[in-house]
$ cat entry11.txt   # compact mmCIF, C-alpha atoms and all ligand atoms
# COMPACT_ATOMS: atom_id res chain seq x y z
CA MET I 30 -2.04 8.05 41.04
CA LYS I 31 0.40 9.21 38.36
CA LEU I 32 -1.27 10.95 35.45
CA GLN I 33 0.00 9.30 32.27
CA ASN I 34 -0.93 8.28 28.78
CA VAL I 35 -1.82 4.66 28.09
CA ARG I 36 1.13 2.38 27.29
CA GLY I 37 2.00 2.33 23.58
CA THR I 38 0.15 5.57 22.80
CA GLN I 39 1.65 8.99 22.21
CA ASP I 40 0.68 12.64 22.10
CA ILE I 41 1.35 14.46 18.87
CA LEU I 42 2.48 17.87 20.02
CA PRO I 43 2.10 21.14 18.06
CA GLU I 44 5.75 21.03 16.92
CA ASP I 45 5.09 17.74 15.12
CA GLN I 46 1.81 18.73 13.47
CA LYS I 47 3.54 20.08 10.39
CA TYR I 48 4.92 16.62 9.63
CA TRP I 49 1.52 15.02 10.01
CA ASP I 50 -0.11 17.72 7.86
CA PHE I 51 2.57 17.25 5.21
CA VAL I 52 1.96 13.48 5.08
CA PHE I 53 -1.84 13.96 4.95
CA ASN I 54 -1.40 16.54 2.22
CA VAL I 55 0.77 14.26 0.08
CA ILE I 56 -1.71 11.41 0.60
CA ASP I 57 -4.73 13.55 -0.37
CA LYS I 58 -3.03 14.90 -3.49
CA SER I 59 -1.80 11.51 -4.61
CA SER I 60 -5.25 10.01 -4.02
CA GLU I 61 -6.96 12.66 -6.09
CA ILE I 62 -4.49 12.28 -8.92
CA ASN I 63 -4.78 8.51 -8.93
CA GLY I 64 -8.57 8.53 -8.64
CA PHE I 65 -8.99 7.29 -5.05
CA GLU I 66 -11.98 8.59 -3.10
CA LYS I 67 -11.98 9.04 0.66
CA ILE I 68 -13.98 6.77 2.92
CA ASN I 69 -14.17 6.74 6.71
CA THR I 70 -15.36 3.67 8.56
CA PRO I 71 -15.80 3.20 12.32
CA ILE I 72 -12.92 2.40 14.60
CA ILE I 73 -15.11 -0.14 16.42
CA GLU I 74 -16.17 -3.22 14.46
CA TYR I 75 -17.46 -6.69 15.29
CA LEU I 76 -14.87 -9.32 16.07
CA ASP I 77 -15.98 -11.78 13.38
CA LEU I 78 -15.14 -9.30 10.60
CA PHE I 79 -11.46 -9.70 11.47
CA GLU I 80 -11.61 -13.37 12.45
CA LYS I 81 -12.94 -14.19 9.02
CA GLY I 82 -10.94 -11.63 7.06
CA THR I 83 -7.56 -10.91 8.64
CA GLY I 84 -7.60 -14.51 9.91
CA GLU I 85 -8.31 -15.91 13.35
CA ASN I 86 -4.88 -17.54 13.47
CA THR I 87 -2.94 -14.42 12.55
CA GLU I 88 -1.00 -12.78 15.33
CA VAL I 89 -2.91 -9.53 14.75
CA VAL I 90 -6.24 -11.21 15.53
CA SER I 91 -5.34 -13.94 18.00
CA LYS I 92 -3.04 -11.89 20.22
CA GLN I 93 -3.25 -8.19 19.46
CA MET I 94 -6.85 -7.01 19.49
CA PHE I 95 -8.49 -4.79 22.09
CA GLU I 96 -12.03 -5.67 23.05
CA VAL I 97 -14.52 -2.86 23.59
CA SER I 98 -17.22 -3.30 26.22
CA ARG I 99 -19.46 -1.07 28.25
CA PHE I 100 -17.84 0.12 31.43
CA GLY I 101 -19.29 -0.96 34.76
CA ASN I 102 -21.87 -3.55 35.64
CA GLU I 103 -24.62 -2.39 33.31
CA LYS I 104 -25.44 -4.80 30.51
CA ASP I 105 -24.53 -3.97 26.94
CA ASP I 106 -27.53 -4.02 24.58
CA ASP I 107 -25.34 -5.61 21.91
CA LYS I 108 -24.23 -9.17 22.58
CA ARG I 109 -21.72 -9.43 19.75
CA ILE I 110 -18.08 -8.87 20.69
CA GLN I 111 -16.77 -5.52 19.51
CA ILE I 112 -13.10 -4.70 19.04
CA LEU I 113 -10.94 -1.72 18.13
CA ARG I 114 -9.85 -2.24 14.54
CA PRO I 115 -6.28 -3.55 14.20
CA GLU I 116 -6.25 -2.59 10.51
CA ILE I 117 -8.54 -0.78 8.08
CA THR I 118 -9.08 -3.13 5.10
CA PRO I 119 -11.83 -5.38 6.58
CA GLY I 120 -13.87 -2.33 7.63
CA ILE I 121 -13.73 -0.94 4.10
CA VAL I 122 -14.68 -4.34 2.67
CA ARG I 123 -17.64 -4.50 5.07
CA SER I 124 -18.71 -1.07 3.95
CA TYR I 125 -18.28 -2.11 0.30
CA ILE I 126 -20.67 -5.01 0.93
CA ASN I 127 -23.14 -3.09 3.14
CA HIS I 128 -23.45 -0.28 0.60
CA ASN I 129 -23.80 -2.58 -2.43
CA MET I 130 -20.69 -1.20 -4.04
CA GLN I 131 -20.71 -4.42 -6.11
CA ASP I 132 -23.24 -2.59 -8.27
CA TRP I 133 -21.12 0.56 -8.68
CA LEU I 134 -19.03 1.20 -11.74
CA LYS I 135 -15.69 -0.63 -11.42
CA PRO I 136 -12.93 -0.21 -10.52
CA ILE I 137 -13.78 1.30 -7.15
CA GLN I 138 -10.79 2.98 -5.58
CA LEU I 139 -10.99 4.09 -1.98
CA TYR I 140 -8.63 5.42 0.64
CA SER I 141 -8.89 6.04 4.35
CA VAL I 142 -6.69 7.48 7.06
CA GLY I 143 -7.19 6.82 10.75
CA PRO I 144 -6.05 5.17 13.96
CA CYS I 145 -5.67 1.42 14.44
CA PHE I 146 -4.97 -0.54 17.60
CA ARG I 147 -2.75 -3.53 18.27
CA TYR I 148 -1.57 -4.95 21.55
CA GLU I 149 2.17 -4.69 20.87
CA LYS I 150 5.22 -4.65 23.10
CA PRO I 151 5.75 -0.89 22.76
CA GLN I 152 9.06 0.16 21.22
CA ALA I 153 10.31 2.60 18.58
CA GLY I 154 8.01 2.40 15.56
CA ARG I 155 5.68 -0.08 17.23
CA TYR I 156 2.73 1.38 19.10
CA ARG I 157 -0.58 0.21 20.49
CA GLN I 158 -2.36 3.11 18.84
CA PHE I 159 -0.99 4.05 15.43
CA TRP I 160 -2.33 5.64 12.27
CA GLN I 161 -2.63 3.92 8.94
CA CYS I 162 -3.34 5.28 5.51
CA ASP I 163 -5.06 2.60 3.51
CA PHE I 164 -5.62 2.35 -0.25
CA GLU I 165 -8.00 -0.19 -1.76
CA SER I 166 -8.97 -0.98 -5.35
CA PHE I 167 -11.88 -3.33 -6.06
CA GLY I 168 -12.92 -5.08 -9.24
CA ASN I 169 -9.76 -5.43 -11.29
CA GLU I 170 -7.69 -8.56 -11.72
CA ASP I 171 -5.44 -7.10 -14.39
CA PRO I 172 -1.71 -7.09 -13.47
CA ALA I 173 -1.60 -3.43 -14.56
CA THR I 174 -3.75 -2.67 -11.49
CA ASP I 175 -1.11 -4.26 -9.25
CA ALA I 176 1.62 -2.27 -10.99
CA ARG I 177 -0.33 0.96 -10.61
CA MET I 178 -1.01 0.38 -6.93
CA ILE I 179 2.67 -0.40 -6.35
CA SER I 180 3.95 2.51 -8.41
CA MET I 181 1.54 4.84 -6.64
CA ALA I 182 2.90 3.64 -3.28
CA TRP I 183 6.45 4.13 -4.57
CA SER I 184 5.64 7.63 -5.86
CA LEU I 185 4.13 8.52 -2.52
CA PHE I 186 7.56 8.08 -0.93
CA LYS I 187 9.16 10.15 -3.68
CA ASP I 188 6.60 12.87 -3.00
CA LEU I 189 7.44 12.64 0.68
CA ARG I 190 11.10 12.87 -0.40
CA ILE I 191 12.05 9.92 1.78
CA ARG I 192 15.38 8.40 0.73
CA ASN I 193 17.12 5.06 1.14
CA ILE I 194 14.02 2.98 0.82
CA GLU I 195 13.54 -0.38 -0.81
CA LEU I 196 10.52 -1.87 -2.53
CA GLU I 197 10.19 -5.64 -2.42
CA ILE I 198 7.61 -7.63 -4.30
CA ASN I 199 6.63 -11.28 -4.51
CA THR I 200 3.79 -13.57 -5.46
CA ILE I 201 2.26 -16.01 -2.98
CA GLY I 202 -0.09 -17.65 -5.49
CA CYS I 203 -3.84 -18.16 -5.50
CA LYS I 204 -6.04 -20.53 -3.50
CA LYS I 205 -5.46 -23.22 -6.12
CA CYS I 206 -1.68 -23.25 -5.82
CA ARG I 207 -1.48 -22.55 -2.06
CA PRO I 208 -1.73 -26.29 -1.10
CA GLN I 209 1.34 -27.00 -3.22
CA ILE I 210 3.23 -24.11 -1.61
CA ASN I 211 2.19 -25.36 1.83
CA ASP I 212 3.41 -28.90 1.08
CA PHE I 213 6.72 -27.50 -0.13
CA LEU I 214 7.15 -25.39 3.01
CA LYS I 215 6.06 -28.21 5.32
CA SER I 216 8.61 -30.53 3.83
CA TYR I 217 11.38 -27.93 4.20
CA PHE I 218 10.56 -26.69 7.69
CA SER I 219 9.79 -30.07 9.24
CA LYS I 220 13.53 -30.77 8.97
CA LYS I 221 14.18 -27.58 10.96
CA LYS I 222 11.35 -28.08 13.45
CA ALA I 223 13.65 -28.32 16.46
CA ILE I 224 14.91 -24.73 16.12
CA LEU I 225 11.53 -23.15 15.32
CA CYS I 226 9.71 -21.22 18.06
CA LYS I 227 6.61 -22.79 19.65
CA ASP I 228 4.24 -20.71 17.51
CA CYS I 229 6.04 -21.68 14.30
CA GLN I 230 6.02 -25.35 15.26
CA ALA I 231 2.25 -25.07 15.42
CA ARG I 232 2.20 -23.06 12.16
CA LEU I 233 4.02 -25.92 10.46
CA ALA I 234 0.79 -27.90 10.55
CA THR I 235 -1.74 -25.09 10.13
CA ASN I 236 -0.22 -22.31 8.05
CA PRO I 237 3.47 -22.88 7.19
CA ILE I 238 3.72 -19.76 5.03
CA ARG I 239 3.41 -17.70 8.21
CA ILE I 240 6.75 -19.08 9.48
CA LEU I 241 8.43 -16.82 6.94
CA ASP I 242 6.91 -13.81 8.68
CA CYS I 243 8.19 -14.72 12.15
CA LYS I 244 10.63 -12.13 13.50
CA LYS I 245 12.34 -14.56 15.92
CA VAL I 246 16.04 -14.96 15.15
CA ASN I 247 16.00 -18.76 15.04
CA CYS I 248 12.98 -18.94 12.77
CA GLN I 249 14.60 -16.44 10.41
CA LYS I 250 17.76 -18.56 10.51
CA ALA I 251 15.74 -21.65 9.65
CA ALA I 252 14.26 -19.86 6.64
CA LYS I 253 17.66 -18.75 5.30
CA GLY I 254 18.32 -21.77 3.08
CA LEU I 255 14.78 -22.08 1.75
CA PRO I 256 14.74 -22.35 -2.06
CA PRO I 257 12.31 -19.81 -3.61
CA PHE I 258 8.82 -21.08 -2.79
CA THR I 259 7.53 -18.83 -5.56
CA LYS I 260 8.52 -21.53 -8.05
CA GLN I 261 5.59 -23.56 -6.67
CA VAL I 262 2.89 -21.13 -7.83
CA CYS I 263 0.73 -22.17 -10.80
CA ASP I 264 1.39 -21.04 -14.38
CA LYS I 265 -1.42 -18.49 -14.31
CA CYS I 266 -0.02 -16.84 -11.16
CA GLN I 267 3.53 -16.94 -12.59
CA ASP I 268 2.27 -15.23 -15.73
CA HIS I 269 0.31 -12.64 -13.73
CA PHE I 270 3.39 -11.85 -11.66
CA GLN I 271 5.63 -11.61 -14.72
CA GLN I 272 3.27 -9.03 -16.19
CA VAL I 273 3.32 -7.03 -12.95
CA ILE I 274 7.13 -7.05 -13.17
CA ASP I 275 7.05 -5.91 -16.82
CA TYR I 276 4.66 -3.05 -16.06
CA LEU I 277 6.79 -1.93 -13.14
CA LYS I 278 9.89 -1.96 -15.33
CA ASP I 279 8.04 0.15 -17.91
CA ALA I 280 7.17 2.58 -15.16
CA LYS I 281 10.85 2.68 -14.10
CA VAL I 282 9.89 1.72 -10.57
CA ASN I 283 12.90 0.53 -8.64
CA PHE I 284 11.95 -2.82 -7.10
CA LYS I 285 13.45 -6.08 -6.01
CA VAL I 286 11.78 -9.48 -6.29
CA SER I 287 12.15 -11.10 -2.87
CA ASN I 288 11.26 -14.69 -3.42
CA ASN I 289 10.49 -15.56 0.15
CA LEU I 290 8.63 -12.39 1.11
CA VAL I 291 5.25 -13.05 2.79
CA ARG I 292 2.78 -10.88 4.72
CA GLY I 293 1.29 -11.35 8.16
CA LEU I 294 -2.41 -11.31 7.23
CA ASP I 295 -4.35 -14.30 5.91
CA TYR I 296 -6.29 -12.82 3.04
CA TYR I 297 -3.42 -12.05 0.67
CA THR I 298 -3.17 -13.79 -2.70
CA ARG I 299 -0.79 -13.38 -5.66
CA THR I 300 1.14 -10.08 -5.63
CA ILE I 301 2.40 -8.79 -2.28
CA PHE I 302 4.77 -5.90 -1.64
CA GLU I 303 6.50 -3.95 1.09
CA ILE I 304 8.43 -0.71 1.31
CA SER I 305 11.00 -0.33 4.06
CA LEU I 306 14.18 1.54 4.83
CA LYS I 307 17.25 -0.13 3.32
CA SER I 308 18.83 -0.03 6.77
CA ASP I 309 15.94 -2.07 8.23
CA LYS I 310 17.43 -5.41 7.19
CA ASN I 311 14.88 -7.71 8.84
CA ARG I 312 11.95 -5.47 7.98
CA GLN I 313 11.20 -4.88 11.67
CA THR I 314 9.52 -1.56 10.97
CA THR I 315 8.13 -1.74 7.44
CA LEU I 316 6.79 1.60 6.23
CA LEU I 317 4.14 0.22 3.89
CA GLY I 318 2.75 -3.20 3.11
CA GLY I 319 0.10 -4.51 0.78
CA GLY I 320 -1.06 -7.01 -1.74
CA ARG I 321 -3.91 -8.62 -3.63
CA TYR I 322 -6.81 -10.15 -1.78
CA ASP I 323 -8.91 -11.73 -4.49
CA ASN I 324 -10.82 -14.06 -2.13
CA LEU I 325 -11.66 -11.77 0.76
CA ILE I 326 -15.03 -10.52 -0.44
CA GLU I 327 -16.05 -14.08 -1.27
CA THR I 328 -15.04 -15.12 2.27
CA TYR I 329 -17.84 -12.87 3.55
CA GLY I 330 -20.32 -14.72 1.34
CA GLU I 331 -20.39 -12.22 -1.52
CA LYS I 332 -19.74 -12.50 -5.23
CA PRO I 333 -16.00 -13.13 -5.85
CA THR I 334 -14.35 -9.78 -6.54
CA PRO I 335 -10.65 -9.25 -7.20
CA ALA I 336 -9.07 -6.54 -5.05
CA ILE I 337 -5.73 -5.10 -4.06
CA GLY I 338 -4.67 -2.68 -1.35
CA CYS I 339 -1.87 -1.38 0.82
CA ALA I 340 -1.37 0.42 4.12
CA LEU I 341 1.20 2.93 5.24
CA GLY I 342 2.10 3.61 8.86
CA ILE I 343 2.01 7.35 9.51
CA GLU I 344 4.09 7.41 12.74
CA ARG I 345 6.89 5.48 11.05
CA VAL I 346 6.83 7.82 8.04
CA VAL I 347 6.89 10.90 10.28
CA SER I 348 9.80 9.48 12.23
CA VAL I 349 11.78 8.95 8.97
CA LEU I 350 10.93 12.48 7.77
CA LYS I 351 12.43 13.80 10.99
CA LYS I 352 15.46 11.51 10.94
CA GLN I 353 16.24 12.38 7.33
CA LYS I 354 15.74 16.08 8.17
CA ILE I 355 13.37 16.57 5.28
CA LYS I 356 12.22 20.15 4.88
CA ILE I 357 8.47 20.43 4.94
CA ASP I 358 6.64 22.69 2.54
CA ILE I 359 2.92 22.10 2.62
CA SER I 360 2.15 24.52 -0.18
CA GLU I 361 4.51 22.76 -2.59
CA LYS I 362 3.22 23.04 -6.13
CA THR I 363 3.31 20.75 -9.14
CA GLN I 364 5.64 21.94 -11.89
CA VAL I 365 4.59 19.52 -14.60
CA PHE I 366 1.42 17.52 -15.13
CA VAL I 367 1.62 14.47 -17.39
CA ALA I 368 -1.61 13.88 -19.34
CA GLN I 369 -2.15 10.75 -21.42
CA LEU I 370 -4.67 9.30 -23.85
CA GLY I 371 -4.78 5.56 -24.55
CA GLU I 372 -3.27 2.47 -22.96
CA GLU I 373 0.20 2.78 -24.51
CA ALA I 374 0.35 6.47 -23.68
CA LYS I 375 -0.57 5.62 -20.11
CA ARG I 376 2.45 3.32 -19.83
CA LYS I 377 4.66 5.95 -21.42
CA ALA I 378 3.26 8.51 -18.98
CA MET I 379 4.41 6.35 -16.06
CA THR I 380 7.93 6.32 -17.53
CA ILE I 381 7.90 10.09 -18.13
CA LEU I 382 6.71 10.68 -14.59
CA GLU I 383 9.61 8.71 -13.15
CA ILE I 384 12.13 10.51 -15.40
CA LEU I 385 10.82 13.90 -14.28
CA LYS I 386 10.95 12.98 -10.62
CA THR I 387 14.50 11.64 -11.02
CA GLU I 388 15.43 15.01 -12.53
CA GLY I 389 14.01 16.71 -9.46
CA ILE I 390 11.01 18.17 -11.29
CA SER I 391 7.83 17.92 -9.26
CA ALA I 392 5.47 16.02 -11.52
CA ARG I 393 2.00 14.53 -11.31
CA ALA I 394 -0.33 12.47 -13.46
CA ALA I 395 -3.85 11.11 -13.14
CA LEU I 396 -3.63 7.70 -14.76
CA SER I 397 -7.17 6.80 -13.77
CA LYS I 398 -8.61 9.71 -15.76
CA ASN I 399 -9.18 9.03 -19.43
CA THR I 400 -10.22 12.35 -20.97
CA LEU I 401 -7.81 15.15 -21.74
CA LYS I 402 -10.30 17.68 -20.42
CA SER I 403 -10.49 16.12 -16.94
CA GLN I 404 -6.70 15.79 -16.79
CA LEU I 405 -6.04 19.39 -17.79
CA LYS I 406 -8.67 20.54 -15.32
CA LEU I 407 -6.71 18.80 -12.58
CA ALA I 408 -3.44 20.25 -13.92
CA ASN I 409 -5.00 23.69 -13.51
CA LYS I 410 -6.24 22.89 -10.05
CA LEU I 411 -2.73 21.82 -9.03
CA LYS I 412 -1.43 25.10 -10.49
CA SER I 413 1.00 23.22 -12.76
CA ASP I 414 3.27 25.40 -14.92
CA TYR I 415 3.34 22.94 -17.81
CA ALA I 416 1.51 19.86 -19.00
CA ILE I 417 3.08 17.12 -21.05
CA ILE I 418 0.49 15.57 -23.30
CA ILE I 419 1.01 12.21 -24.86
CA GLY I 420 -1.49 10.36 -27.08
CA GLN I 421 -1.48 7.72 -29.80
CA ARG I 422 0.04 10.05 -32.41
CA GLU I 423 2.90 11.07 -30.10
CA ILE I 424 3.61 7.41 -29.30
CA LEU I 425 3.94 6.70 -33.03
CA ASP I 426 6.02 9.82 -33.74
CA GLY I 427 8.27 9.50 -30.66
CA THR I 428 7.25 12.99 -29.50
CA VAL I 429 5.39 14.70 -26.65
CA ILE I 430 3.44 17.94 -26.50
CA ILE I 431 4.55 20.56 -23.96
CA ARG I 432 1.69 22.87 -23.05
CA SER I 433 2.12 26.05 -21.09
CA MET I 434 -0.78 26.03 -18.66
CA LYS I 435 -0.64 29.79 -18.18
CA GLU I 436 -0.54 30.78 -21.84
CA GLY I 437 -2.32 27.82 -23.40
CA THR I 438 0.40 27.50 -26.08
CA GLN I 439 1.69 24.12 -27.19
CA GLU I 440 4.90 22.81 -28.70
CA VAL I 441 5.71 19.36 -30.10
CA VAL I 442 9.15 18.06 -29.03
CA GLU I 443 11.10 14.82 -29.46
CA GLN I 444 10.80 12.41 -26.53
CA GLU I 445 14.60 12.38 -26.11
CA THR I 446 14.78 16.13 -25.59
CA PHE I 447 11.65 16.92 -23.61
CA VAL I 448 13.45 17.01 -20.23
CA ASN I 449 16.01 19.55 -21.48
CA LYS I 450 13.28 21.63 -23.06
CA LEU I 451 11.31 21.65 -19.84
CA GLN I 452 14.34 22.50 -17.73
CA GLU I 453 14.97 25.51 -19.99
CA LYS I 454 11.38 26.66 -19.52
CA LEU I 455 11.06 26.11 -15.78
P1 LIG I 501 0.01 -4.24 8.25
O1 LIG I 501 -1.45 -3.88 8.42
O2 LIG I 501 0.50 -5.14 9.35
O3 LIG I 501 0.33 -4.72 6.88
O4 LIG I 501 0.82 -2.89 8.46
C1 LIG I 501 0.83 -1.85 7.52
C2 LIG I 501 1.69 -0.72 8.03
O5 LIG I 501 1.15 -0.19 9.24
C3 LIG I 501 3.10 -1.14 8.41
O6 LIG I 501 3.95 -1.15 7.30
C4 LIG I 501 3.48 -0.08 9.43
O7 LIG I 501 3.96 1.07 8.77
C5 LIG I 501 2.18 0.25 10.11
N1 LIG I 501 2.08 -0.44 11.40
C6 LIG I 501 1.63 -1.69 11.65
N2 LIG I 501 1.66 -1.96 12.97
C7 LIG I 501 2.14 -0.87 13.59
C8 LIG I 501 2.41 -0.53 14.95
N3 LIG I 501 2.14 -1.36 15.94
N4 LIG I 501 2.90 0.71 15.22
C9 LIG I 501 3.15 1.59 14.22
N5 LIG I 501 2.92 1.32 12.91
C10 LIG I 501 2.42 0.11 12.61

$ encode --input "entry11.txt" --output "structure tokens"
Amino acid sequence: MKLQNVRGTQDILPEDQKYWDFVFNVIDKSSEINGFEKINTPIIEYLDLFEKGTGENTEVVSKQMFEVSRFGNEKDDDKRIQILRPEITPGIVRSYINHNMQDWLKPIQLYSVGPCFRYEKPQAGRYRQFWQCDFESFGNEDPATDARMISMAWSLFKDLRIRNIELEINTIGCKKCRPQINDFLKSYFSKKKAILCKDCQARLATNPIRILDCKKVNCQKAAKGLPPFTKQVCDKCQDHFQQVIDYLKDAKVNFKVSNNLVRGLDYYTRTIFEISLKSDKNRQTTLLGGGRYDNLIETYGEKPTPAIGCALGIERVVSVLKKQKIKIDISEKTQVFVAQLGEEAKRKAMTILEILKTEGISARAALSKNTLKSQLKLANKLKSDYAIIIGQREILDGTVIIRSMKEGTQEVVEQETFVNKLQEKL
């Protein structure tokens, strides 16, 4: 018998640990700054959690799950089918419900990092055991929450210094407008039925939106001429999406609206997004994917609760870090911390953050923190050289305050000149 690792799994050798540590480090820092708390849930869960949540007709659930059972002939004391989790979100949602997080102060922002399992045809970037980092935010329907989740994901890649990536966003509507979208897609794809794969022919009747996620060449060809289905979403969803777009523009996040973008899991509603390498034209190995899931908690019989999340694949990120020959420095420090007070200042802070990063200045902010004290405390903890402080008065005056964190001295400067001033100081 040849001694070998299981198909689709890999060993992470000592020489690669620095990449993994770097990614974990960036994730932990970004989570702290953005107010996400760590949660760990089991790798084994009951089957019905995913059948109900991820969707029993999704590829991930119907074809890719590993069942866990007791080895040998002895009976298992638990009759319910257990599986290895193919993704993290449903486990966190279960924990949210089991621990009555409905009663906690909202929004609740959680993140988790750990292995997931999918029965894939193993190839580069596609494994049977892979690690995901998962971010979830519960209790906020506001489009600003979508924009923050997306801009945090985008910033994560800037912090990782990964280049040549593309962020695509779209809206897939709510449960009220989904029937209209489905009718639209059915009418379009029924004319192309002959070239669709067997699975997509079945999807035409059950879940036509999923055809857009099929990676088969002919199905992608069939989808080429599809007019934007996004036009079918209701006015409320259109308006929600427009606001997400406006917030992202304010934050200077570089994104593209991809009208026919969809995601492979059933629970998504409204905003969805993906980050992939520009060279990955058919998004075969997306680096990060996410979206809103406003109906998922309700699906499990709980009070309706809006939510949004995203997941990043660690192996794929590590592989890009290596390919792009990115130098790893785990002890990297924050040069400038951007502190804000008030809603308008928060939006301005997002813009400032992007400007600083574009200028190659390592910058952080904690947009979920609302007091100056807590923000400056974090700036100290991150050993920032300077803090930029922006409040209501600075918004009105078109200025910002530059504070030296070492000396505690402050200077008011015009918003147009703050980058130059900082560059002189750093
Ligand atoms: P999903 O849960 O399908 O939205 O996937 C989220 C992220 O997990 C993807 O963008 C990938 O980076 C990663 N991922 C999903 N499946 C695999 C896999 N089989 N192997 C490696 N990474 C994966």

$ residues_around --input "entry11.txt" --residues "range 80-88 of chain I" --least-positions-apart "4" --cutoff "9 Å" --atoms "only C-alpha atoms" --output "list in words"
Leu76, Lys92, Gln93, Glu116, Thr118, Pro119, Thr235, Asn236, Arg239, Gly293, Leu294, Asp295, Tyr296, Leu325, Ile326, Thr328 and Tyr329 of chain I

$ closest_residue --input "entry11.txt" --among "I:Thr363, I:Thr387, I:Gln272, I:Thr38" --to "ligand LIG 501 (chain I)" --atoms "all atoms listed in the file"
I:Thr38

$ residues_around --input "entry11.txt" --residues "range 196-206 of chain I" --least-positions-apart "2" --cutoff "6 Å" --atoms "only C-alpha atoms" --output "PyMOL selection string"
chain I and resi 208-209+262-263+266+284-288+298-304

$ residues_near_ligand --input "entry11.txt" --ligand "ligand LIG 501 (chain I)" --cutoff "9 Å" --atoms "all atoms listed in the file" --output "ChimeraX atom specification"
/I:37,89,115-118,145-163,292-294,303-305,314-319,339-346

$ closest_residue --input "entry11.txt" --among "I:Gln267, I:Asn289, I:Ser59, I:Thr334" --to "Ser166 in chain I" --atoms "only C-alpha atoms"
I:Thr334

$ closest_residue --input "entry11.txt" --among "I:Tyr297, I:Ala234, I:Gln364, I:Asn169" --to "Leu134 in chain I" --atoms "all atoms listed in the file"
I:Asn169

$ atom_distance --input "entry11.txt" --atom1 "CA of Gln111 in chain I" --atom2 "CA of Thr70 in chain I"
14.4 Å

$ closest_residue --input "entry11.txt" --among "I:Met30, I:Leu290, I:Cys229, I:Val122" --to "Asn324 in chain I" --atoms "only C-alpha atoms"
I:Val122

$ residues_around --input "entry11.txt" --residues "Lys386 in chain I" --least-positions-apart "5" --cutoff "10 Å" --atoms "only C-alpha atoms" --output "ChimeraX atom specification"
/I:184,187-188,365,381,391-393

$ closest_residue --input "entry11.txt" --among "I:Ser433, I:Gln33, I:Thr174, I:Gln261" --to "Gln138 in chain I" --atoms "all atoms listed in the file"
I:Thr174

$ atom_distance --input "entry11.txt" --atom1 "CA of Leu78 in chain I" --atom2 "CA of Ile126 in chain I"
11.9 Å

$ residues_near_point --input "entry11.txt" --point "(-5.1, -6.0, -11.4)" --cutoff "6 Å" --atoms "all atoms listed in the file" --output "VMD selection string"
chain I and resid 169 to 175

$ write_last_selection --input "entry11.txt" --atoms "C-alpha atoms" --output "PDB file, in the frame of the given file"
ATOM      1  CA  ASN I 169      -9.760  -5.430 -11.290  1.00  0.00           C
ATOM      2  CA  GLU I 170      -7.690  -8.560 -11.720  1.00  0.00           C
ATOM      3  CA  ASP I 171      -5.440  -7.100 -14.390  1.00  0.00           C
ATOM      4  CA  PRO I 172      -1.710  -7.090 -13.470  1.00  0.00           C
ATOM      5  CA  ALA I 173      -1.600  -3.430 -14.560  1.00  0.00           C
ATOM      6  CA  THR I 174      -3.750  -2.670 -11.490  1.00  0.00           C
ATOM      7  CA  ASP I 175      -1.110  -4.260  -9.250  1.00  0.00           C
TER       8      ASP I 175
END

$ residues_around --input "entry11.txt" --residues "Leu451 in chain I" --least-positions-apart "2" --cutoff "12 Å" --atoms "all atoms listed in the file" --output "JSON, numbers by chain"
{"I": [364, 365, 366, 385, 388, 389, 390, 391, 392, 414, 415, 416, 417, 429, 430, 431, 432, 433, 440, 441, 442, 443, 444, 445, 446, 447, 448, 449, 453, 454, 455]}

$ axis_aligned_box --input "entry11.txt" --around "range 417-429 of chain I" --padding-each-side "4 Å" --output "JSON"
{"center_x": 3.4, "center_y": 11.9, "center_z": -27.4, "size_x": 17.8, "size_y": 18.4, "size_z": 20.7}

$ closest_residue --input "entry11.txt" --among "I:Ile56, I:Met379, I:Val367, I:Ala182" --to "Leu407 in chain I" --atoms "all atoms listed in the file"
I:Val367

$ residues_around --input "entry11.txt" --residues "Ala280 in chain I" --least-positions-apart "4" --cutoff "9 Å" --atoms "only C-alpha atoms" --output "VMD selection string"
chain I and resid 176 to 177 180 275 to 276 376 to 383

$ write_last_selection --input "entry11.txt" --atoms "C-alpha atoms" --output "compact mmCIF listing (two decimals), in the frame of the given file"
# COMPACT_ATOMS: atom_id res chain seq x y z
CA ALA I 176 1.62 -2.27 -10.99
CA ARG I 177 -0.33 0.96 -10.61
CA SER I 180 3.95 2.51 -8.41
CA ASP I 275 7.05 -5.91 -16.82
CA TYR I 276 4.66 -3.05 -16.06
CA ARG I 376 2.45 3.32 -19.83
CA LYS I 377 4.66 5.95 -21.42
CA ALA I 378 3.26 8.51 -18.98
CA MET I 379 4.41 6.35 -16.06
CA THR I 380 7.93 6.32 -17.53
CA ILE I 381 7.90 10.09 -18.13
CA LEU I 382 6.71 10.68 -14.59
CA GLU I 383 9.61 8.71 -13.15
